[in-house]
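A.B. asks: If it helps, the file is called coords-v9.csv and holds CSV, N, CA and C atoms:
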```csv
chain,number,residue,atom,x,y,z
A,525,MET,N,-114.5,33.0,-59.0
A,525,MET,CA,-114.2,33.1,-60.4
A,525,MET,C,-114.0,34.5,-60.7
A,526,PRO,N,-112.9,34.8,-61.5
A,526,PRO,CA,-112.6,36.2,-61.9
A,526,PRO,C,-113.8,36.8,-62.6
A,527,SER,N,-113.9,38.1,-62.5
A,527,SER,CA,-115.1,38.8,-63.1
A,527,SER,C,-115.0,38.9,-64.6
A,528,PHE,N,-113.8,38.7,-65.2
A,528,PHE,CA,-113.7,38.9,-66.6
A,528,PHE,C,-114.2,37.6,-67.4
A,529,ILE,N,-114.4,36.5,-66.6
A,529,ILE,CA,-114.9,35.3,-67.3
A,529,ILE,C,-116.4,35.2,-67.2
A,530,PRO,N,-117.1,35.3,-68.3
A,530,PRO,CA,-118.6,35.2,-68.3
A,530,PRO,C,-119.0,33.8,-67.8
A,531,LYS,N,-120.2,33.8,-67.2
A,531,LYS,CA,-120.7,32.5,-66.6
A,531,LYS,C,-121.8,32.0,-67.5
A,532,THR,N,-121.6,31.8,-68.7
A,532,THR,CA,-122.7,31.3,-69.6
A,532,THR,C,-122.2,30.1,-70.4
A,533,ASP,N,-123.2,29.4,-70.9
A,533,ASP,CA,-122.8,28.2,-71.7
A,533,ASP,C,-122.3,28.7,-73.1
A,534,LYS,N,-122.5,30.0,-73.4
A,534,LYS,CA,-122.0,30.5,-74.7
A,534,LYS,C,-120.5,30.5,-74.8
A,535,VAL,N,-119.9,30.6,-73.6
A,535,VAL,CA,-118.4,30.5,-73.6
A,535,VAL,C,-117.9,29.2,-74.0
A,536,VAL,N,-118.5,28.1,-73.5
A,536,VAL,CA,-118.1,26.8,-74.0
A,536,VAL,C,-118.4,26.6,-75.5
A,537,ARG,N,-119.5,27.1,-75.9
A,537,ARG,CA,-119.9,27.0,-77.4
A,537,ARG,C,-118.9,27.8,-78.2
A,538,ASN,N,-118.7,29.1,-77.9
A,538,ASN,CA,-117.9,30.0,-78.7
A,538,ASN,C,-116.4,29.7,-78.7
A,539,TYR,N,-115.9,29.3,-77.5
A,539,TYR,CA,-114.5,29.2,-77.4
A,539,TYR,C,-114.0,27.8,-77.3
A,540,TYR,N,-114.9,26.8,-77.4
A,540,TYR,CA,-114.4,25.4,-77.3
A,540,TYR,C,-115.1,24.5,-78.3
A,541,VAL,N,-116.4,24.5,-78.3
A,541,VAL,CA,-117.1,23.6,-79.2
A,541,VAL,C,-116.9,24.0,-80.7
A,542,LEU,N,-117.1,25.2,-81.0
A,542,LEU,CA,-116.9,25.6,-82.4
A,542,LEU,C,-115.5,25.4,-82.9
A,543,PRO,N,-114.5,25.8,-82.1
A,543,PRO,CA,-113.1,25.5,-82.6
A,543,PRO,C,-112.9,24.0,-82.8
A,544,CYS,N,-113.4,23.2,-81.9
A,544,CYS,CA,-113.3,21.7,-82.0
A,544,CYS,C,-114.0,21.2,-83.3
A,545,CYS,N,-115.2,21.8,-83.6
A,545,CYS,CA,-115.9,21.4,-84.8
A,545,CYS,C,-115.1,21.8,-86.0
A,546,LEU,N,-114.5,23.0,-86.0
A,546,LEU,CA,-113.7,23.4,-87.1
A,546,LEU,C,-112.4,22.5,-87.3
A,547,LEU,N,-111.8,22.1,-86.2
A,547,LEU,CA,-110.7,21.2,-86.3
A,547,LEU,C,-111.2,19.8,-86.9
A,548,LEU,N,-112.3,19.4,-86.4
A,548,LEU,CA,-112.8,18.1,-87.0
A,548,LEU,C,-113.2,18.3,-88.5
A,549,LEU,N,-113.7,19.4,-88.8
A,549,LEU,CA,-114.0,19.7,-90.3
A,549,LEU,C,-112.7,19.7,-91.1
A,550,ASN,N,-111.7,20.2,-90.5
A,550,ASN,CA,-110.4,20.2,-91.2
A,550,ASN,C,-109.9,18.8,-91.4
A,551,LEU,N,-110.0,18.0,-90.4
A,551,LEU,CA,-109.7,16.6,-90.5
A,551,LEU,C,-110.5,15.9,-91.6
A,552,GLY,N,-111.8,16.2,-91.7
A,552,GLY,CA,-112.6,15.7,-92.8
A,552,GLY,C,-112.1,16.2,-94.1
A,553,ASN,N,-111.7,17.4,-94.2
A,553,ASN,CA,-111.1,17.9,-95.5
A,553,ASN,C,-109.8,17.2,-95.8
A,554,MET,N,-109.0,16.9,-94.9
A,554,MET,CA,-107.8,16.1,-95.1
A,554,MET,C,-108.2,14.7,-95.7
A,555,ILE,N,-109.2,14.1,-95.2
A,555,ILE,CA,-109.6,12.8,-95.6
A,555,ILE,C,-110.2,12.9,-97.1
A,556,ILE,N,-110.9,14.0,-97.3
A,556,ILE,CA,-111.5,14.2,-98.7
A,556,ILE,C,-110.4,14.4,-99.7
A,557,ALA,N,-109.4,15.2,-99.3
A,557,ALA,CA,-108.2,15.3,-100.2
A,557,ALA,C,-107.5,14.0,-100.5
A,558,TYR,N,-107.4,13.2,-99.4
A,558,TYR,CA,-106.8,11.9,-99.6
A,558,TYR,C,-107.6,11.0,-100.5
A,559,LYS,N,-108.9,10.9,-100.3
A,559,LYS,CA,-109.7,10.1,-101.2
A,559,LYS,C,-109.8,10.7,-102.6
A,560,ALA,N,-109.7,12.0,-102.8
A,560,ALA,CA,-109.8,12.6,-104.1
A,560,ALA,C,-108.6,12.2,-104.9
A,561,GLY,N,-107.5,11.7,-104.3
A,561,GLY,CA,-106.3,11.2,-105.0
A,561,GLY,C,-106.6,10.0,-105.9
A,562,THR,N,-107.8,9.4,-105.8
A,562,THR,CA,-108.1,8.2,-106.6
A,562,THR,C,-108.8,8.7,-107.9
A,563,ILE,N,-109.1,10.0,-108.0
A,563,ILE,CA,-109.8,10.5,-109.2
A,563,ILE,C,-108.7,11.0,-110.1
A,564,SER,N,-108.5,10.5,-111.3
A,564,SER,CA,-107.4,10.8,-112.2
A,564,SER,C,-107.6,12.2,-112.9
A,565,ASP,N,-108.9,12.5,-113.3
A,565,ASP,CA,-109.2,13.7,-114.1
A,565,ASP,C,-109.1,14.9,-113.1
A,566,ALA,N,-108.3,15.9,-113.4
A,566,ALA,CA,-108.2,17.1,-112.5
A,566,ALA,C,-109.5,17.8,-112.4
A,567,LEU,N,-110.3,18.0,-113.4
A,567,LEU,CA,-111.5,18.7,-113.3
A,567,LEU,C,-112.5,18.0,-112.4
A,568,GLU,N,-112.7,16.7,-112.6
A,568,GLU,CA,-113.5,15.9,-111.8
A,568,GLU,C,-113.1,15.9,-110.3
A,569,ARG,N,-111.8,15.8,-110.1
A,569,ARG,CA,-111.2,15.9,-108.7
A,569,ARG,C,-111.5,17.2,-108.1
A,570,THR,N,-111.4,18.3,-108.8
A,570,THR,CA,-111.7,19.6,-108.3
A,570,THR,C,-113.2,19.7,-107.9
A,571,PHE,N,-114.1,19.3,-108.8
A,571,PHE,CA,-115.5,19.4,-108.5
A,571,PHE,C,-115.8,18.5,-107.3
A,572,PHE,N,-115.2,17.3,-107.2
A,572,PHE,CA,-115.4,16.4,-106.1
A,572,PHE,C,-115.0,17.1,-104.7
A,573,VAL,N,-113.8,17.7,-104.7
A,573,VAL,CA,-113.3,18.3,-103.5
A,573,VAL,C,-114.2,19.4,-103.1
A,574,ILE,N,-114.5,20.3,-104.0
A,574,ILE,CA,-115.4,21.5,-103.7
A,574,ILE,C,-116.7,21.0,-103.2
A,575,GLY,N,-117.4,20.1,-103.9
A,575,GLY,CA,-118.7,19.6,-103.5
A,575,GLY,C,-118.6,18.9,-102.1
A,576,MET,N,-117.6,18.1,-101.8
A,576,MET,CA,-117.5,17.4,-100.5
A,576,MET,C,-117.3,18.4,-99.4
A,577,VAL,N,-116.4,19.5,-99.7
A,577,VAL,CA,-116.1,20.5,-98.7
A,577,VAL,C,-117.4,21.3,-98.4
A,578,LEU,N,-118.2,21.6,-99.4
A,578,LEU,CA,-119.4,22.4,-99.2
A,578,LEU,C,-120.4,21.6,-98.4
A,579,VAL,N,-120.6,20.3,-98.8
A,579,VAL,CA,-121.5,19.4,-98.0
A,579,VAL,C,-121.0,19.2,-96.6
A,580,GLY,N,-119.7,19.0,-96.5
A,580,GLY,CA,-119.1,18.7,-95.2
A,580,GLY,C,-119.2,19.9,-94.2
A,581,SER,N,-119.0,21.1,-94.8
A,581,SER,CA,-119.1,22.3,-93.9
A,581,SER,C,-120.6,22.5,-93.5
A,582,SER,N,-121.5,22.2,-94.4
A,582,SER,CA,-122.9,22.4,-94.0
A,582,SER,C,-123.3,21.4,-92.9
A,583,VAL,N,-122.9,20.1,-93.1
A,583,VAL,CA,-123.1,19.1,-92.1
A,583,VAL,C,-122.5,19.5,-90.8
A,584,ALA,N,-121.3,20.0,-90.8
A,584,ALA,CA,-120.6,20.3,-89.6
A,584,ALA,C,-121.3,21.5,-88.9
A,585,ALA,N,-121.8,22.5,-89.7
A,585,ALA,CA,-122.4,23.6,-89.1
A,585,ALA,C,-123.8,23.3,-88.5
A,586,PHE,N,-124.6,22.5,-89.2
A,586,PHE,CA,-126.0,22.3,-88.9
A,586,PHE,C,-126.3,21.0,-88.2
A,587,VAL,N,-125.4,20.0,-88.2
A,587,VAL,CA,-125.6,18.7,-87.6
A,587,VAL,C,-124.6,18.4,-86.5
A,588,VAL,N,-123.3,18.4,-86.9
A,588,VAL,CA,-122.3,18.0,-86.0
A,588,VAL,C,-122.1,19.0,-84.8
A,589,ALA,N,-122.0,20.3,-85.1
A,589,ALA,CA,-121.8,21.3,-84.1
A,589,ALA,C,-122.9,21.2,-83.0
A,590,PRO,N,-124.2,21.2,-83.4
A,590,PRO,CA,-125.2,21.1,-82.4
A,590,PRO,C,-125.2,19.8,-81.6
A,591,ALA,N,-124.8,18.7,-82.3
A,591,ALA,CA,-124.7,17.4,-81.6
A,591,ALA,C,-123.6,17.4,-80.6
A,592,ILE,N,-122.4,17.9,-81.0
A,592,ILE,CA,-121.3,18.0,-80.1
A,592,ILE,C,-121.6,19.0,-79.0
A,593,GLU,N,-122.2,20.1,-79.3
A,593,GLU,CA,-122.6,21.0,-78.3
A,593,GLU,C,-123.5,20.4,-77.2
A,594,THR,N,-124.5,19.6,-77.6
A,594,THR,CA,-125.4,19.0,-76.7
A,594,THR,C,-124.6,17.9,-75.9
A,595,LEU,N,-123.8,17.2,-76.5
A,595,LEU,CA,-123.0,16.2,-75.8
A,595,LEU,C,-122.0,16.8,-74.8
A,596,VAL,N,-121.4,17.9,-75.3
A,596,VAL,CA,-120.4,18.6,-74.4
A,596,VAL,C,-121.2,19.2,-73.2
A,597,ARG,N,-122.4,19.8,-73.5
A,597,ARG,CA,-123.2,20.4,-72.4
A,597,ARG,C,-123.6,19.3,-71.4
A,598,THR,N,-124.0,18.2,-71.9
A,598,THR,CA,-124.5,17.1,-71.0
A,598,THR,C,-123.3,16.5,-70.2
A,599,LEU,N,-122.2,16.2,-70.8
A,599,LEU,CA,-121.1,15.7,-70.1
A,599,LEU,C,-120.4,16.7,-69.3
A,600,HIS,N,-120.4,18.0,-69.7
A,600,HIS,CA,-119.9,19.1,-68.9
A,600,HIS,C,-120.6,19.2,-67.6
A,601,ARG,N,-122.0,19.2,-67.7
A,601,ARG,CA,-122.8,19.3,-66.5
A,601,ARG,C,-122.6,18.2,-65.6
A,602,THR,N,-122.5,16.9,-66.2
A,602,THR,CA,-122.3,15.7,-65.4
A,602,THR,C,-121.0,15.8,-64.7
A,603,SER,N,-119.9,16.1,-65.4
A,603,SER,CA,-118.6,16.2,-64.8
A,603,SER,C,-118.5,17.3,-63.8
A,604,ARG,N,-119.2,18.4,-64.0
A,604,ARG,CA,-119.1,19.5,-63.1
A,604,ARG,C,-119.9,19.1,-61.8
A,605,LYS,N,-121.0,18.3,-61.9
A,605,LYS,CA,-121.8,17.9,-60.8
A,605,LYS,C,-121.0,16.8,-60.0
A,606,GLY,N,-120.4,15.9,-60.7
A,606,GLY,CA,-119.7,14.8,-60.1
A,606,GLY,C,-118.3,15.1,-59.6
A,607,GLY,N,-117.6,16.0,-60.3
A,607,GLY,CA,-116.2,16.2,-59.9
A,607,GLY,C,-116.0,17.7,-59.6
A,608,GLY,N,-117.0,18.5,-59.5
A,608,GLY,CA,-116.8,19.9,-59.2
A,608,GLY,C,-116.0,20.6,-60.3
A,609,ARG,N,-115.3,21.7,-60.0
A,609,ARG,CA,-114.6,22.5,-61.0
A,609,ARG,C,-113.5,21.6,-61.6
A,610,LEU,N,-112.9,20.7,-60.8
A,610,LEU,CA,-111.8,19.8,-61.3
A,610,LEU,C,-112.4,18.9,-62.4
A,611,GLY,N,-113.6,18.3,-62.2
A,611,GLY,CA,-114.2,17.5,-63.2
A,611,GLY,C,-114.5,18.2,-64.5
A,612,GLU,N,-114.9,19.5,-64.3
A,612,GLU,CA,-115.1,20.3,-65.5
A,612,GLU,C,-113.8,20.5,-66.3
A,613,VAL,N,-112.8,20.9,-65.6
A,613,VAL,CA,-111.5,21.1,-66.3
A,613,VAL,C,-111.0,19.8,-66.9
A,614,LEU,N,-111.1,18.7,-66.2
A,614,LEU,CA,-110.6,17.4,-66.7
A,614,LEU,C,-111.3,17.0,-68.0
A,615,PHE,N,-112.6,17.3,-68.0
A,615,PHE,CA,-113.4,16.9,-69.2
A,615,PHE,C,-113.0,17.7,-70.4
A,616,LEU,N,-112.9,19.1,-70.2
A,616,LEU,CA,-112.5,19.9,-71.3
A,616,LEU,C,-111.1,19.6,-71.8
A,617,ALA,N,-110.2,19.3,-70.8
A,617,ALA,CA,-108.8,18.9,-71.2
A,617,ALA,C,-108.9,17.6,-72.0
A,618,ALA,N,-109.7,16.6,-71.6
A,618,ALA,CA,-109.8,15.3,-72.3
A,618,ALA,C,-110.3,15.5,-73.7
A,619,LEU,N,-111.2,16.4,-73.9
A,619,LEU,CA,-111.8,16.8,-75.2
A,619,LEU,C,-110.6,17.3,-76.1
A,620,GLY,N,-109.9,18.3,-75.6
A,620,GLY,CA,-108.8,18.9,-76.3
A,620,GLY,C,-107.7,17.9,-76.6
A,621,VAL,N,-107.4,17.0,-75.7
A,621,VAL,CA,-106.4,15.9,-76.0
A,621,VAL,C,-106.9,15.0,-77.0
A,622,GLY,N,-108.1,14.6,-77.0
A,622,GLY,CA,-108.7,13.8,-78.1
A,622,GLY,C,-108.5,14.4,-79.5
A,623,ILE,N,-108.9,15.6,-79.6
A,623,ILE,CA,-108.7,16.3,-80.9
A,623,ILE,C,-107.2,16.4,-81.3
A,624,PHE,N,-106.4,16.7,-80.3
A,624,PHE,CA,-104.9,16.7,-80.6
A,624,PHE,C,-104.4,15.3,-81.1
A,625,LEU,N,-104.9,14.3,-80.4
A,625,LEU,CA,-104.4,12.9,-80.9
A,625,LEU,C,-104.8,12.6,-82.3
A,626,LEU,N,-106.1,13.0,-82.6
A,626,LEU,CA,-106.5,12.8,-84.0
A,626,LEU,C,-105.6,13.5,-85.0
A,627,TYR,N,-105.3,14.8,-84.7
A,627,TYR,CA,-104.4,15.5,-85.5
A,627,TYR,C,-103.0,14.9,-85.6
A,628,TYR,N,-102.5,14.4,-84.4
A,628,TYR,CA,-101.2,13.8,-84.4
A,628,TYR,C,-101.1,12.6,-85.3
A,629,VAL,N,-102.1,11.7,-85.2
A,629,VAL,CA,-102.1,10.6,-86.1
A,629,VAL,C,-102.2,11.0,-87.5
A,630,ALA,N,-103.1,11.9,-87.9
A,630,ALA,CA,-103.2,12.4,-89.3
A,630,ALA,C,-101.9,13.0,-89.8
A,631,THR,N,-101.2,13.7,-88.9
A,631,THR,CA,-100.0,14.4,-89.3
A,631,THR,C,-98.8,13.4,-89.5
A,632,ILE,N,-98.7,12.5,-88.6
A,632,ILE,CA,-97.6,11.5,-88.6
A,632,ILE,C,-97.8,10.4,-89.6
A,633,HIS,N,-99.0,9.9,-89.6
A,633,HIS,CA,-99.3,8.7,-90.4
A,633,HIS,C,-100.1,9.0,-91.7
A,634,GLY,N,-100.6,10.2,-91.8
A,634,GLY,CA,-101.4,10.5,-93.0
A,634,GLY,C,-102.9,10.3,-92.7
A,635,ALA,N,-103.7,10.9,-93.5
A,635,ALA,CA,-105.2,10.9,-93.3
A,635,ALA,C,-105.7,9.4,-93.4
A,636,GLN,N,-105.0,8.6,-94.1
A,636,GLN,CA,-105.5,7.2,-94.3
A,636,GLN,C,-105.5,6.5,-92.9
A,637,ALA,N,-104.7,6.9,-92.0
A,637,ALA,CA,-104.6,6.2,-90.7
A,637,ALA,C,-105.9,6.5,-89.9
A,638,LEU,N,-106.7,7.5,-90.3
A,638,LEU,CA,-108.0,7.7,-89.6
A,638,LEU,C,-109.2,6.9,-90.2
A,639,LEU,N,-108.9,6.3,-91.3
A,639,LEU,CA,-109.9,5.5,-92.0
A,639,LEU,C,-109.9,4.0,-91.7
A,640,PRO,N,-111.0,3.3,-91.8
A,640,PRO,CA,-111.0,1.9,-91.7
A,640,PRO,C,-110.2,1.3,-92.8
A,641,ALA,N,-109.6,0.1,-92.7
A,641,ALA,CA,-108.8,-0.5,-93.7
A,641,ALA,C,-109.5,-0.6,-95.0
A,642,GLU,N,-110.8,-0.9,-95.0
A,642,GLU,CA,-111.5,-1.1,-96.3
A,642,GLU,C,-111.7,0.2,-97.1
A,643,TRP,N,-111.6,1.3,-96.5
A,643,TRP,CA,-111.8,2.6,-97.1
A,643,TRP,C,-110.5,3.2,-97.6
A,644,ARG,N,-109.4,2.6,-97.3
A,644,ARG,CA,-108.1,3.2,-97.7
A,644,ARG,C,-107.8,3.0,-99.2
A,645,ASN,N,-107.1,4.0,-99.8
A,645,ASN,CA,-106.8,3.9,-101.3
A,645,ASN,C,-105.8,2.8,-101.5
```
Represent the structure of the file as structure tokens.
C.D. replies:
Amino acid sequence: MPSFIPKTDKVVRNYYVLPCCLLLLNLGNMIIAYKAGTISDALERTFFVIGMVLVGSSVAAFVVAPAIETLVRTLHRTSRKGGGRLGEVLFLAALGVGIFLLYYVATIHGAQALLPAEWRN
């Protein structure tokens, strides 16, 4: 391994898990904006969006990020042990592709495509 790549779990957290959480938070914000479209009053809609984004970012920072980090660490360790360096790379690539596909669906079909049919406007 090249000497410029640190050998710590912080690399996975800082350069992969946190960006993935931020991307998921942004998808959540897209869904919030979509659902806010049902509120007709502009002031209420603004308060709703601000409140949901504040709650969502807190949940992402204190609940989702640690949960994803634990999951990534566990699966990362398992894939590294079972598949060596290739297993590690394949796992991280699959995680990135999964996030990309969520964004692709949201971009092409709109945020409603990420919601169950009962929750759509």
A.B. asks: Could you please determine the separation between atom N of Gly620 of chain A and atom C of Pro543 of chain A in Å, to one decimal place?
C.D. replies: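 Distance between the two atoms: 9.7 Å.
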A.B. asks: Near segment 582-595 of chain A, within 7 Å and counting only C-alpha atoms, which residues show up once chain neighbours fewer than 5 positions away are dropped, as a list in words?
C.D. replies: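 The residues satisfying every condition are Arg537, Val541, Leu542, Cys545 and Leu549 of chain A.
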A.B. asks: From the options A:Ala641, A:Thr602, A:Val596, A:Ala630, which residue's atoms come nearest to Tyr540 of chain A, counting only C-alpha atoms?
C.D. replies: A:Val596
A.B. asks: Tell me which protein, DNA and RNA residues are within 8 Å of segment 623-627 of chain A, counting all atoms listed in the file, leaving out same-chain ones fewer than 4 positions away, and put them as a list in words.
C.D. replies: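 Counting all atoms listed in the file, the residues come to Cys544, Leu547, Leu548, Leu551, Ala617, Ala618, Leu619, Thr631, Ile632, His633 and Leu638 of chain A.
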A.B. asks: For atom CA of Asn645 of chain A and atom N of Val629 of chain A, determine how far apart the two atoms are, in Å to one decimal place.
C.D. replies: 18.5 Å
A.B. asks: Using atom CA of Asn538 of chain A and atom CA of Leu616 of chain A as the two end points, give the distance in Å to one decimal.
C.D. replies: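 It comes out at 13.6 Å.
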A.B. asks: Can you list, as a PyMOL selection string, every residue of chain A that DSSP puts in alpha helix (DSSP H)?
C.D. replies: chain A and resi 533-536+542-560+566-583+589-633
